[in-house]
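Chemist: This structure is in structure tokens; I'll ask about it shortly.
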Amino acid sequence: MVTTTSIRSAKSGRARNGPRDDTRLALLFILPALIGFGVFLVWPTLRGIYLSFTKFNLLTPPQFNGLDNYVRMVQDPVFWNALKVTLYYVILNIGLQTVLALVIAVMMQRLTQRTWLRGIVLTPFLVSNVVAAMVFLWILDYQLGIGNTILAAVGVDRIPFLSSSSWVIPTIAFINVWRHVGYTALLIFAGLQTIPETVYEAGRIDGASEVRMFRSITVPLLRPILSLVLIITVVGSFQVFDTVAIATRGGPVDSSRVLQFYIYDVAFGRFQFGYASAMSVALLAVLVVVTFLQYRLTRAETSDLA
Amino acid sequence: MITFRQRIRTAAVALVTVTALAACGGTTGSSANGTIEYWLWDSAQQPGYQKCADAFAKANPGLKIHISQYGWDAYWSKLTAGFIADTAPDVFTDHLSKFAQYVDLKVLRPLDDLGPTSDIKDGDYQQGLAELWKGQDGKRYGAPKDWDTIAIFYDAAALKAGGVDPAELQNLTWNPQDGGTFEKLVAHLTIDEKGVRGDQPGFDKTHVKTHGLASEGSGGGGWGQTQWSAFAGSAGWQATDKNPWGTKFNLDQPALQDTLSWYFGLVQKGYMPSYEEIGGASAIGTDKQIQSGTAALGLSGSWMISSFTKLTDSAGKKLDIGLAPTPIGPSGKRASMFNGLADSVTTLSKQPENAAKWVAFLSGAECQNIIGQSGVVFPARPAGTQLAIAFNKSERKLDVTPFTRQVVDKTTFLFPVTTNAADIAALMAPRFDAVYIGSSPISSLTKLNTQLDDLFKVAQ
């Protein structure tokens with residue numbers, strides 16, 4: 001659908017103004033973004049990959065050491081644990097967030113379309129990650145937090161949300177769901193707007209219930225948008241860092257030492273930029289594979305609407 | 001987490017960006033216009049050093065000092081960023097756990113090579129302090145400014161409520177079997193939610209209101225300085241084969257493992273707060289635990305004296321805080337870690353001779369006497385130390401002998417100075433946390449010890 005429209009408009013444009021080469025002008029407009037892309041993305045990525053084959057402490061020149069960093073990575077139990085912890089986090093975070101966001105988005109579309117309600121849903125996203133982590137750190141404090149004070153008041157034992165190894169990852173996942181669910185819901189909501197109302201009308205005439213319409217109309221037609229939202233959120237979720245850095249610093253023991261935090265610690269705490277780069281490359285590889293699989297499995301490039 | 005235009009990016013990108021941003025942020029770097037940039041982390045010490053800076057400016061026309069203070073965590077990351085981005089200060093307050101790494105990274109100037117600091121004499125300072133700041137190349141990288149030891153801080157009201165005579169605390173003993181008179185005291189000062197004391201029948205160790213002993217975490221990141229170092233030291237234990245520059249570690253020795261078994265066992269008995277109770281990674285300090293009534297007494301360092309003596313209760317009334325020396329252990333002696341700070345000149349300084357002048361002034365008698373009279377820390381020079389003792393006696397009505405006696409009696413042992421300190425801390429902290437939490441046995445430290453030893457096999 002998108003392609004046909006653009007061809008049609010291009011055709012009509014040519015008919016009005018005659019043939020004209022816009023390439024130079026286009027390049028001029030693209031240039032700033034291209035420079036940014038090159039300087040902040042392509043070059044650092046390439047240099048990061050190069051550094052992963054070196055021993056580098058940032059202050060003295062890097063020394064090439066071949067595959068040493070990768071060999072160390074494969075043998076490093078903390079790395080594998082970090083990967084496991086990160087995966088656990090992503091599954092909890094994305095699972096809960098996507099389901100909640102979908103429900104909120106559908107409610108926003110089917111029940112009420114008030115703008116202020118959409119605004120409220122988005123509010124947590126306006127809070128910076130660091131502030132959100134600080135606030136929850138206080139709310140969930142074992143001794144003094146209002147969360148545990150309420151638990152104690154209703155007669156439940158206090159819960160060490162951020163200081164017990166079994167609670168810490170679910171708690172961090174929850175904090176980030178709270179912050180991002182509104183934004184995700186808004187993305188899905190935008191996708192819902194593309195589903196023609198006529199389809200629902202036909203459903204209603206056939207006597208389908210809201211639940212039935214959700215299952216048979218909304219979900220299938222939303223698939224391309226949903227899979228794109230998933231790709232975006234999964235990639236972001238793998239990069240969880242600030243909440244951990246603020247609230248737990250990887251603890252207790254290693255139970256919230258997610259990969260990004262471990263990389264940061266090795267690089268900036270221990271000056272081992274070569275090894276940190278190697279782990280970053282590993283994270284890049286994981287993300288490429290995950291994204292590729294998601295793209296293929298959800299057939300994100302095709303739409304049932306067309 | 002989700003940015004507006006999310007892209008797949010490697011962490012390398014993030015790392016480089018962070019570095020670039022940090023570089024943009026600093027405008028306080030070294031310059032050659034006669035202003036010497038000086039950094040410290042303890043806000044309590046800033047007023048004293050400002051007085052030194054004023055005196056220095058008066059004595060050296062054309063030179064002035066600009067002091068910047070950043071909290072402990074921000075301090076070291078800002079310093080690192082400064083070394084990379086050429087915004088590091090001329091002179092900064094250095095810590096023993098960090099300086100070996102900076103020597104390796106070649107960002108510190110040997111003070112012997114600079115005129116004003118070339119004649120610093122070890123003998124001018126409390127014994128052993130100056131030698132700590134010499135690198136493995138024998139050169140001096142820091143001029144001693146202060147020293148610290150460990151003692152017991154107690155809440156006098158808690159002692160009174162328990163009918164304990166403060167004099168009893170001056171001669172406490174402990175041993176890894178039954179904890180000695182120290183454990184008896186701690187048990188007695190522990191009170192559960194129903195008001196039953198830790199040494200009385202019916203004590204509920206799972207619902208404790210006030211613990212006898214405060215906890216500052218597992219101590220894995222700093223050799224248990226304010227946690228278990230005084231106990232392990234009084235059991236005759238040393239962290240490394242030699243100090244400074246040890247390369248073999250002693251975490252596998254029974255002297256340490258028995259000590260820690262007893263120490264962390266206090267948590268199971270309810271006498272000491274658990275990891276969860278003190279807030280895990282963002283633990284509250286001994287001062288706050290005593291202030292909030294979570295603990296009756298605790299071990300802490302002499303740099304905390306001014307914080308403790310300023311503590312107030314919920315009504316705003318000053319708490320009566322007392323001091324007692326660390327308990328006598330199985331070796332028959334007390335023990336305290338002996339640590340100190342120093343000032344270092346960076347290689348990035350564009351006016352090293354001026355910077356050295358300032359360092360010489362900081363480590364000189366005039367400034368150290370000013371610091372001694374401010375009473376915040378014990379200056380490295382004996383005369384300055386005496387002034388600090390006098391200040392505490394007259395202004396705070398506090399007898400600081402429990403700190404100073406360790407030095408006089410030579411019952412101190414030095415903070416373990418090694419290379420690879422950042423790697424050692426990164427390996428030790430989680431493992432000690434695990435022992436504190438109880439998810440790993442004490443014997444797991446034997447494996448940790450092998451890992452620490454291996455660090456030196458690879459690096460050297």
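Identifiers in this document derive from the order of the structure tokens: chains are assigned A, B, ..., residues are numbered from 1 separately in each chain, and ligands are numbered from 1 in order of occurrence.
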I'd like the neighbourhood of Gly265 in chain B as a list in words, where a residue qualifies if any of its atoms comes within 9 Å (using only C-alpha atoms), though same-chain residues fewer than 6 positions away should be ignored.

Modeler: Tyr271, Met272 and Tyr436 of chain B

Chemist: Which of range 326-384 of chain B counts as alpha helix (DSSP H) under DSSP, as a PyMOL selection string please?

Modeler: chain B and resi 352-362+365-374+382-384

Chemist: Please save C-alpha atoms of the selected residues as a JSON list (two decimals), in the first residue's frame.

Modeler:
[["chain", "number", "residue", "atom", "x", "y", "z"],
["B", 352, "PRO", "CA", 53.91, 20.89, 38.41],
["B", 353, "GLU", "CA", 56.32, 23.02, 40.42],
["B", 354, "ASN", "CA", 53.48, 25.23, 41.69],
["B", 355, "ALA", "CA", 51.39, 22.15, 42.37],
["B", 356, "ALA", "CA", 54.28, 20.67, 44.34],
["B", 357, "LYS", "CA", 54.50, 23.89, 46.34],
["B", 358, "TRP", "CA", 50.88, 23.41, 47.37],
["B", 359, "VAL", "CA", 51.47, 19.74, 48.22],
["B", 360, "ALA", "CA", 54.49, 20.71, 50.31],
["B", 361, "PHE", "CA", 52.33, 23.26, 52.10],
["B", 362, "LEU", "CA", 49.53, 20.70, 52.69],
["B", 365, "ALA", "CA", 53.39, 21.93, 59.77],
["B", 366, "GLU", "CA", 51.36, 25.12, 59.24],
["B", 367, "CYS", "CA", 48.50, 23.53, 57.30],
["B", 368, "GLN", "CA", 48.44, 20.34, 59.35],
["B", 369, "ASN", "CA", 48.12, 22.43, 62.51],
["B", 370, "ILE", "CA", 45.17, 24.29, 60.96],
["B", 371, "ILE", "CA", 43.55, 20.93, 60.15],
["B", 372, "GLY", "CA", 44.30, 19.65, 63.65],
["B", 373, "GLN", "CA", 42.54, 22.64, 65.16],
["B", 374, "SER", "CA", 39.46, 21.97, 62.99],
["B", 382, "PRO", "CA", 52.44, 14.27, 65.40],
["B", 383, "ALA", "CA", 52.08, 17.94, 66.41],
["B", 384, "GLY", "CA", 48.92, 18.27, 64.32]]

Chemist: What's the 9 Å shell around Phe99 in chain B, counting only C-alpha atoms, without same-chain residues fewer than 5 positions away, as a PyMOL selection string?

Modeler: chain B and resi 94+104+108+133+135+141-142+344+417+419+421

Chemist: Do a neighbour search on range 189-206 of chain A at 10 Å with only C-alpha atoms, toss out local chain neighbours closer than 5 positions, and write the hits as a PyMOL selection string.

Modeler: chain A and resi 101-110+118+183-184+212-214+216-219+221-226+229+305

Chemist: What does the distance between CA of Pro220 in chain A and CA of Leu186 in chain A come to in Å, to one decimal place?

Modeler: 18.3 Å

Chemist: If we count only C-alpha atoms, which residues of chain A reach to within 8 Å of chain B? Please list them as a VMD selection string.

Modeler: chain A and resid 40 to 41 44 to 45 48 57 to 60 129 141 to 143 160 162 to 164 180 232 to 233 235 to 237 239 to 240 247 to 249 251 to 254 260 263 to 264 268 to 270 277 280 to 281 283 to 284 287

Chemist: Give the answer as one residue: which of B:Val103, B:Cys52, B:Val164, B:Val196 has the shortest atom-to-atom distance to Gln136 in chain B, using only C-alpha atoms?

Modeler: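 For Gln136 in chain B, the nearest of the given residues is B:Val103.
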
Chemist: Please provide the set of residues having any atom within 7 Å of Asn339 in chain B, restricted to only C-alpha atoms, with same-chain residues fewer than 2 positions apart removed, written as a ChimeraX atom specification.

Modeler: /B:147-149,337,414-415

Chemist: List the neighbours of range 64-73 of chain A out to 12 Å using only C-alpha atoms; skip same-chain residues closer than 3 positions along the sequence, and give me the result as a PyMOL selection string.

Modeler: (chain A and resi 49-56+61+76-83+259+262-263+266+272-283) or (chain B and resi 458)

Chemist: Using only C-alpha atoms, which residues sit within 10 Å of range 209-215 of chain B once same-chain residues fewer than 5 positions away are excluded, as a VMD selection string?

Modeler: chain B and resid 152 to 154 158 182 to 198 226 to 228 264 266 to 267 270 to 275 277 to 278 283 to 290 292 to 300

Chemist: Considering only C-alpha atoms, state which residue in the set B:Ser307, B:Ser349, B:Thr173, B:Thr247 is at the smallest distance from Phe456 in chain B.

Modeler: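 Looking at the shortest contact to Phe456 in chain B, the residue is B:Thr247.
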
Chemist: Can you tell me how far CA of Ser128 in chain A sits from CA of Phe161 in chain A, in Å to one decimal?

Modeler: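 Value for the CA of Ser128 in chain A-CA of Phe161 in chain A distance: 20.9 Å.
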
Chemist: Which residue out of B:Trp41, B:Tyr102, B:Trp223, B:Trp303 has the minimum interatomic distance to Gln69 in chain B when only C-alpha atoms are used?

Modeler: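 With only C-alpha atoms as the atom set, the closest residue is B:Trp41.
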